[in-house]
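See below for the structure under consideration.
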Amino acid sequence: MSSILVSKPSDLNVAWAQQVLNHHHTDITVSQVTVASVDIGTTTRVRLEVEHNAPTRFPGQWFVKLPSLAWQAKLITALPRLLHTEVRFYNEVEYPAALTVPDFLVGQSQFGKGSVLVLSDLTERGFVPGSPNDTLSTSQARQVIEQLATLHAHYWNKPHLVKRYRWLAGPVRKLEDFLGSALAVPLMKRGLRKASVRVPKELHGHAVHYARNRKQVMRFLQEAPQTLVHHDCHPGNLFWNDTQPGFLDWQLVRFGEGVSDIAYFLATALAPEIRCLHEVELVDYYGQCLKSLGVERVDVDGLFERYRAHLIYPFEAMLVTLAIGDMMDLKSNHELIIRTAAAVKDLDAFSALPLSLG
């Protein structure tokens, strides 16, 4: 496979696009490439319009992910190689046919030289991308939960699949976990300071205490049947075809507890008052979906308690995003901090963690 590795949007020219096409069709010729938009966050995301002589055979609108041009985001994502993980996900992981993901065109990653992921642009097929601060309805939430249950059931407690994709728990993921715990306290304090009144004062002390004990909490949250989880399921990482959701941004994919995705999703995607009214039934619906998909021994009675405990992670993730900066639109980041803080407060999520946290 010839290299398509580049580092900046200006490198996405006709010659580069021709290399991408040559991986699929050597008889198609690219005539022009136009950069439609550039968005810089945890990655640099570029939308391209690619003119070639076979528009009915190959997409003409591409979505390209490159390493972030924002130095803070690049620093925090480069060592754990998050884009590298997403490239491997699309290249190697077999996911259930019922799971909706973008059309994968090509992806490459090489240590020391970066990573490039090329997908078909969602808009070319009529899909509507989500925004991080979208507020979903309960009916939309049920659709997302069904999709997450489909993903989780496919991998639920299957050691042979864990072994096949052991790189998901390999050195890269261990480094990410180490950095998360090593930087937890300063990032939490900075995030709380920048969030100001968006996080209720009564949560500040618990949040810092959690950060000091993050390793212990992470071990506790892993004590459950393992499956493949998205781990970053906020509204901005969804796209829609009418009522049917699909999932974007697989940089944080890993093996973990399935209900962690449900906690992350409901805490970020629903208005707090709607979440309060419906989260019990929605978590129960998740358990029902797993059972209907053939998952045995789902601890339905204990599922909501585990849901409460996992609310800590989206709360932390949004504060860390704010602390680092340039990883998400600020208005969206603020809104998701308000939502996740409300979830933690409403359900007293810190009390669901190991007793030593108090």
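Residues in the structure tokens are numbered from 1 in each chain, the chains being A, B, ... in the order shown, and ligands are numbered from 1 in the order shown.
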List as a PyMOL selection string the protein and nucleic acid residues near A:Gln110, meaning an atom at most 10 Å away when only C-alpha atoms are counted, but skip any in the same chain fewer than 5 places from it.
chain A and resi 3+5+84+115-116
Neighbouring residues of stretch 200-213 of chain A were defined as those with any atom within 9 Å, considering only C-alpha atoms; residues of the same chain fewer than 6 positions away were excluded. Please report them as number ranges by chain.
A: 181, 183-189, 192, 312, 316, 341-342, 344-345, 350, 353, 356-358
Contacts between stretch 26-47 of chain A and stretch 67-95 of chain A, please, where a residue of stretch 67-95 of chain A counts if it comes within 10 Å (with only C-alpha atoms); show its shortest atom pair and distance in Å to one decimal, rows by chain and ascending number, as CSV.
residue,atom,partner,partner_atom,distance
A:Pro67,CA,A:Thr43,CA,5.0
A:Ser68,CA,A:Thr43,CA,4.0
A:Leu69,CA,A:Thr44,CA,6.2
A:Ala70,CA,A:Ile40,CA,6.7
A:Trp71,CA,A:Thr42,CA,9.8
A:Gln72,CA,A:Thr42,CA,8.9
A:Ala73,CA,A:Thr42,CA,5.2
A:Lys74,CA,A:Thr42,CA,6.9
A:Leu75,CA,A:Thr42,CA,9.7
A:Ile76,CA,A:Thr42,CA,8.6
A:Thr77,CA,A:Thr42,CA,7.1
A:Ala78,CA,A:Thr42,CA,9.8
A:Leu82,CA,A:Thr42,CA,9.1
A:Leu83,CA,A:Thr43,CA,7.6
Selection near A:Val280, 12 Å with only C-alpha atoms, sequence-local residues under 4 positions removed, as an MDAnalysis selection string:
chainID A and resid 138 262:263 266 274:276 284:287 300:305 307:308 347
List as an MDAnalysis selection string the protein and nucleic acid residues near A:Leu105, meaning an atom at most 9 Å away when only C-alpha atoms are counted, but skip any in the same chain fewer than 6 places from it.
chainID A and resid 20:21 23:24 62 117:120
With N, CA and C atoms retained, write the just-selected residues as a tab-separated table (two decimals), in the first residue's frame.
chain	number	residue	atom	x	y	z
A	20	VAL	N	-5.14	7.88	-2.80
A	20	VAL	CA	-6.27	7.28	-2.09
A	20	VAL	C	-7.11	6.45	-3.06
A	21	LEU	N	-7.44	7.02	-4.20
A	21	LEU	CA	-8.25	6.30	-5.18
A	21	LEU	C	-7.56	5.06	-5.72
A	23	HIS	N	-5.94	2.97	-4.20
A	23	HIS	CA	-6.14	1.83	-3.31
A	23	HIS	C	-7.39	1.05	-3.68
A	24	HIS	N	-8.29	1.68	-4.44
A	24	HIS	CA	-9.56	1.06	-4.79
A	24	HIS	C	-9.71	0.87	-6.30
A	62	TRP	N	-15.26	13.73	0.66
A	62	TRP	CA	-14.48	12.94	1.62
A	62	TRP	C	-14.34	13.71	2.93
A	117	LEU	N	-6.94	9.21	8.31
A	117	LEU	CA	-8.16	8.43	8.14
A	117	LEU	C	-9.03	9.13	7.11
A	118	VAL	N	-9.49	8.39	6.11
A	118	VAL	CA	-10.33	8.95	5.05
A	118	VAL	C	-11.66	8.21	5.03
A	119	LEU	N	-12.75	8.96	5.23
A	119	LEU	CA	-14.09	8.41	5.23
A	119	LEU	C	-14.91	9.12	4.15
A	120	SER	N	-15.98	8.50	3.74
A	120	SER	CA	-16.93	9.19	2.88
A	120	SER	C	-17.66	10.23	3.71
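Atom CA of A:Leu322 is found 19.0 Å from atom CA of A:Pro80.
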Can you pull out every residue within 10 Å of A:Glu257, counting only C-alpha atoms, but drop anything in the same chain fewer than 3 positions away, and send it as a VMD selection string?
chain A and resid 152 156 to 157 221 to 229 231 254 260 to 262 306 to 307 310
Run DSSP on the backbone and give me the residues of stretch 2-71 of chain A it puts in helix (DSSP H, G or I), as a ChimeraX atom specification.
/A:9-11,14-22,71
Write the residues you've just listed into a file as a PDB file, in the first residue's frame, and include N, CA and C atoms for each of them.
ATOM      1  N   PRO A   9      -3.727  20.204   6.134  1.00  0.00           N
ATOM      2  CA  PRO A   9      -4.740  20.254   5.074  1.00  0.00           C
ATOM      3  C   PRO A   9      -4.198  20.628   3.702  1.00  0.00           C
ATOM      4  N   SER A  10      -3.182  21.483   3.647  1.00  0.00           N
ATOM      5  CA  SER A  10      -2.647  21.898   2.348  1.00  0.00           C
ATOM      6  C   SER A  10      -1.991  20.749   1.594  1.00  0.00           C
ATOM      7  N   ASP A  11      -1.687  19.642   2.289  1.00  0.00           N
ATOM      8  CA  ASP A  11      -1.104  18.465   1.630  1.00  0.00           C
ATOM      9  C   ASP A  11      -2.155  17.631   0.903  1.00  0.00           C
ATOM     10  N   VAL A  14      -4.327  17.031  -5.403  1.00  0.00           N
ATOM     11  CA  VAL A  14      -4.740  16.068  -6.431  1.00  0.00           C
ATOM     12  C   VAL A  14      -3.887  14.803  -6.377  1.00  0.00           C
ATOM     13  N   ALA A  15      -2.583  14.961  -6.227  1.00  0.00           N
ATOM     14  CA  ALA A  15      -1.695  13.790  -6.187  1.00  0.00           C
ATOM     15  C   ALA A  15      -2.023  12.894  -4.997  1.00  0.00           C
ATOM     16  N   TRP A  16      -2.290  13.519  -3.842  1.00  0.00           N
ATOM     17  CA  TRP A  16      -2.653  12.739  -2.648  1.00  0.00           C
ATOM     18  C   TRP A  16      -3.974  12.002  -2.862  1.00  0.00           C
ATOM     19  N   ALA A  17      -4.978  12.704  -3.390  1.00  0.00           N
ATOM     20  CA  ALA A  17      -6.279  12.080  -3.624  1.00  0.00           C
ATOM     21  C   ALA A  17      -6.172  10.931  -4.625  1.00  0.00           C
ATOM     22  N   GLN A  18      -5.304  11.074  -5.594  1.00  0.00           N
ATOM     23  CA  GLN A  18      -5.108   9.994  -6.561  1.00  0.00           C
ATOM     24  C   GLN A  18      -4.546   8.746  -5.875  1.00  0.00           C
ATOM     25  N   GLN A  19      -3.648   8.960  -4.906  1.00  0.00           N
ATOM     26  CA  GLN A  19      -3.111   7.821  -4.157  1.00  0.00           C
ATOM     27  C   GLN A  19      -4.223   7.110  -3.387  1.00  0.00           C
ATOM     28  N   VAL A  20      -5.141   7.883  -2.803  1.00  0.00           N
ATOM     29  CA  VAL A  20      -6.271   7.281  -2.094  1.00  0.00           C
ATOM     30  C   VAL A  20      -7.108   6.445  -3.060  1.00  0.00           C
ATOM     31  N   LEU A  21      -7.442   7.017  -4.202  1.00  0.00           N
ATOM     32  CA  LEU A  21      -8.255   6.297  -5.183  1.00  0.00           C
ATOM     33  C   LEU A  21      -7.556   5.055  -5.716  1.00  0.00           C
ATOM     34  N   ASN A  22      -6.238   5.124  -5.842  1.00  0.00           N
ATOM     35  CA  ASN A  22      -5.497   3.975  -6.374  1.00  0.00           C
ATOM     36  C   ASN A  22      -5.599   2.753  -5.465  1.00  0.00           C
ATOM     37  N   TRP A  71      -1.785  22.703  19.458  1.00  0.00           N
ATOM     38  CA  TRP A  71      -0.675  22.057  20.168  1.00  0.00           C
ATOM     39  C   TRP A  71      -1.125  21.375  21.454  1.00  0.00           C
TER      40      TRP A  71
END
When DSSP works through the backbone of this structure, what residues of stretch 92-202 of chain A end up as strand (DSSP E or B), shown as a list in words?
Phe104, Leu105, Val106, Gly107, Gln108, Ser109, Gln110, Gly114, Ser115, Val116, Leu117, Val118, Leu119, Ser120, Val128 and Pro129 of chain A
May I have the residues from that selection written out with N, CA and C atoms, as a PDB file, in the first residue's frame?
ATOM      1  N   PHE A 104     -15.905   3.649   5.230  1.00  0.00           N
ATOM      2  CA  PHE A 104     -14.453   3.732   5.361  1.00  0.00           C
ATOM      3  C   PHE A 104     -13.826   3.645   3.976  1.00  0.00           C
ATOM      4  N   LEU A 105     -12.974   4.625   3.628  1.00  0.00           N
ATOM      5  CA  LEU A 105     -12.280   4.603   2.350  1.00  0.00           C
ATOM      6  C   LEU A 105     -10.867   4.050   2.498  1.00  0.00           C
ATOM      7  N   VAL A 106     -10.069   4.649   3.361  1.00  0.00           N
ATOM      8  CA  VAL A 106      -8.717   4.153   3.595  1.00  0.00           C
ATOM      9  C   VAL A 106      -8.168   4.806   4.859  1.00  0.00           C
ATOM     10  N   GLY A 107      -7.257   4.139   5.524  1.00  0.00           N
ATOM     11  CA  GLY A 107      -6.600   4.699   6.700  1.00  0.00           C
ATOM     12  C   GLY A 107      -5.209   4.115   6.858  1.00  0.00           C
ATOM     13  N   GLN A 108      -4.271   4.961   7.270  1.00  0.00           N
ATOM     14  CA  GLN A 108      -2.904   4.505   7.507  1.00  0.00           C
ATOM     15  C   GLN A 108      -2.368   5.138   8.778  1.00  0.00           C
ATOM     16  N   SER A 109      -1.475   4.421   9.429  1.00  0.00           N
ATOM     17  CA  SER A 109      -0.818   4.954  10.618  1.00  0.00           C
ATOM     18  C   SER A 109       0.573   4.358  10.704  1.00  0.00           C
ATOM     19  N   GLN A 110       1.535   5.200  11.024  1.00  0.00           N
ATOM     20  CA  GLN A 110       2.910   4.737  11.160  1.00  0.00           C
ATOM     21  C   GLN A 110       3.573   5.503  12.287  1.00  0.00           C
ATOM     22  N   GLY A 114       2.767   9.708  11.882  1.00  0.00           N
ATOM     23  CA  GLY A 114       1.395  10.169  11.986  1.00  0.00           C
ATOM     24  C   GLY A 114       0.361   9.183  11.494  1.00  0.00           C
ATOM     25  N   SER A 115      -0.869   9.655  11.405  1.00  0.00           N
ATOM     26  CA  SER A 115      -2.010   8.833  10.996  1.00  0.00           C
ATOM     27  C   SER A 115      -2.924   9.665  10.105  1.00  0.00           C
ATOM     28  N   VAL A 116      -3.571   8.993   9.171  1.00  0.00           N
ATOM     29  CA  VAL A 116      -4.559   9.624   8.294  1.00  0.00           C
ATOM     30  C   VAL A 116      -5.738   8.665   8.152  1.00  0.00           C
ATOM     31  N   LEU A 117      -6.939   9.208   8.314  1.00  0.00           N
ATOM     32  CA  LEU A 117      -8.155   8.428   8.137  1.00  0.00           C
ATOM     33  C   LEU A 117      -9.030   9.132   7.106  1.00  0.00           C
ATOM     34  N   VAL A 118      -9.492   8.386   6.106  1.00  0.00           N
ATOM     35  CA  VAL A 118     -10.329   8.952   5.053  1.00  0.00           C
ATOM     36  C   VAL A 118     -11.659   8.207   5.030  1.00  0.00           C
ATOM     37  N   LEU A 119     -12.746   8.960   5.233  1.00  0.00           N
ATOM     38  CA  LEU A 119     -14.093   8.415   5.227  1.00  0.00           C
ATOM     39  C   LEU A 119     -14.907   9.123   4.153  1.00  0.00           C
ATOM     40  N   SER A 120     -15.985   8.495   3.738  1.00  0.00           N
ATOM     41  CA  SER A 120     -16.933   9.186   2.879  1.00  0.00           C
ATOM     42  C   SER A 120     -17.664  10.232   3.705  1.00  0.00           C
ATOM     43  N   VAL A 128     -27.141  13.259   8.516  1.00  0.00           N
ATOM     44  CA  VAL A 128     -27.011  14.551   9.189  1.00  0.00           C
ATOM     45  C   VAL A 128     -26.093  14.383  10.406  1.00  0.00           C
ATOM     46  N   PRO A 129     -24.925  15.030  10.408  1.00  0.00           N
ATOM     47  CA  PRO A 129     -24.028  14.902  11.561  1.00  0.00           C
ATOM     48  C   PRO A 129     -24.590  15.628  12.773  1.00  0.00           C
TER      49      PRO A 129
END
Considering only C-alpha atoms, return as number ranges by chain whatever protein or nucleic-acid residues lie within 8 Å of stretch 161-178 of chain A, sequence-local ones (same chain, fewer than 2 positions apart) excluded.
A: 79-81, 85, 93, 155, 158-159, 180-182, 253-255
Those same residues - C-alpha atoms - I'd like them written as a PDB file, in the first residue's frame.
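Okay, selection-v5.pdb is ready:
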ATOM      1  CA  LEU A  79       1.347   9.886  23.097  1.00  0.00           C
ATOM      2  CA  PRO A  80      -1.653   7.563  23.507  1.00  0.00           C
ATOM      3  CA  ARG A  81      -1.975   7.594  19.671  1.00  0.00           C
ATOM      4  CA  THR A  85      -6.437   3.545  17.394  1.00  0.00           C
ATOM      5  CA  VAL A  93     -12.320  -4.605  13.860  1.00  0.00           C
ATOM      6  CA  TYR A 155     -18.680  -8.740  22.007  1.00  0.00           C
ATOM      7  CA  LYS A 158     -16.183 -13.283  24.510  1.00  0.00           C
ATOM      8  CA  PRO A 159     -12.548 -13.905  25.491  1.00  0.00           C
ATOM      9  CA  GLY A 180      -5.154  10.015  32.711  1.00  0.00           C
ATOM     10  CA  SER A 181      -4.358   9.155  36.312  1.00  0.00           C
ATOM     11  CA  ALA A 182      -1.044  11.020  36.473  1.00  0.00           C
ATOM     12  CA  VAL A 253     -12.752   2.479  21.602  1.00  0.00           C
ATOM     13  CA  ARG A 254     -11.775  -0.205  24.125  1.00  0.00           C
ATOM     14  CA  PHE A 255     -13.023  -3.149  26.147  1.00  0.00           C
TER      15      PHE A 255
END
Proximity check stretch 13-125 of chain A to stretch 146-149 of chain A, 12 Å, nearest pairs one decimal Å, only C-alpha atoms, as a tab-separated table:
residue	atom	partner	partner_atom	distance
A:Tyr95	CA	A:Leu148	CA	11.5
A:Pro96	CA	A:Gln147	CA	9.9
A:Ala97	CA	A:Gln147	CA	10.8
A:Ala98	CA	A:Gln147	CA	7.6
A:Leu99	CA	A:Gln147	CA	6.2
A:Thr100	CA	A:Gln147	CA	8.0
A:Val101	CA	A:Gln147	CA	10.7
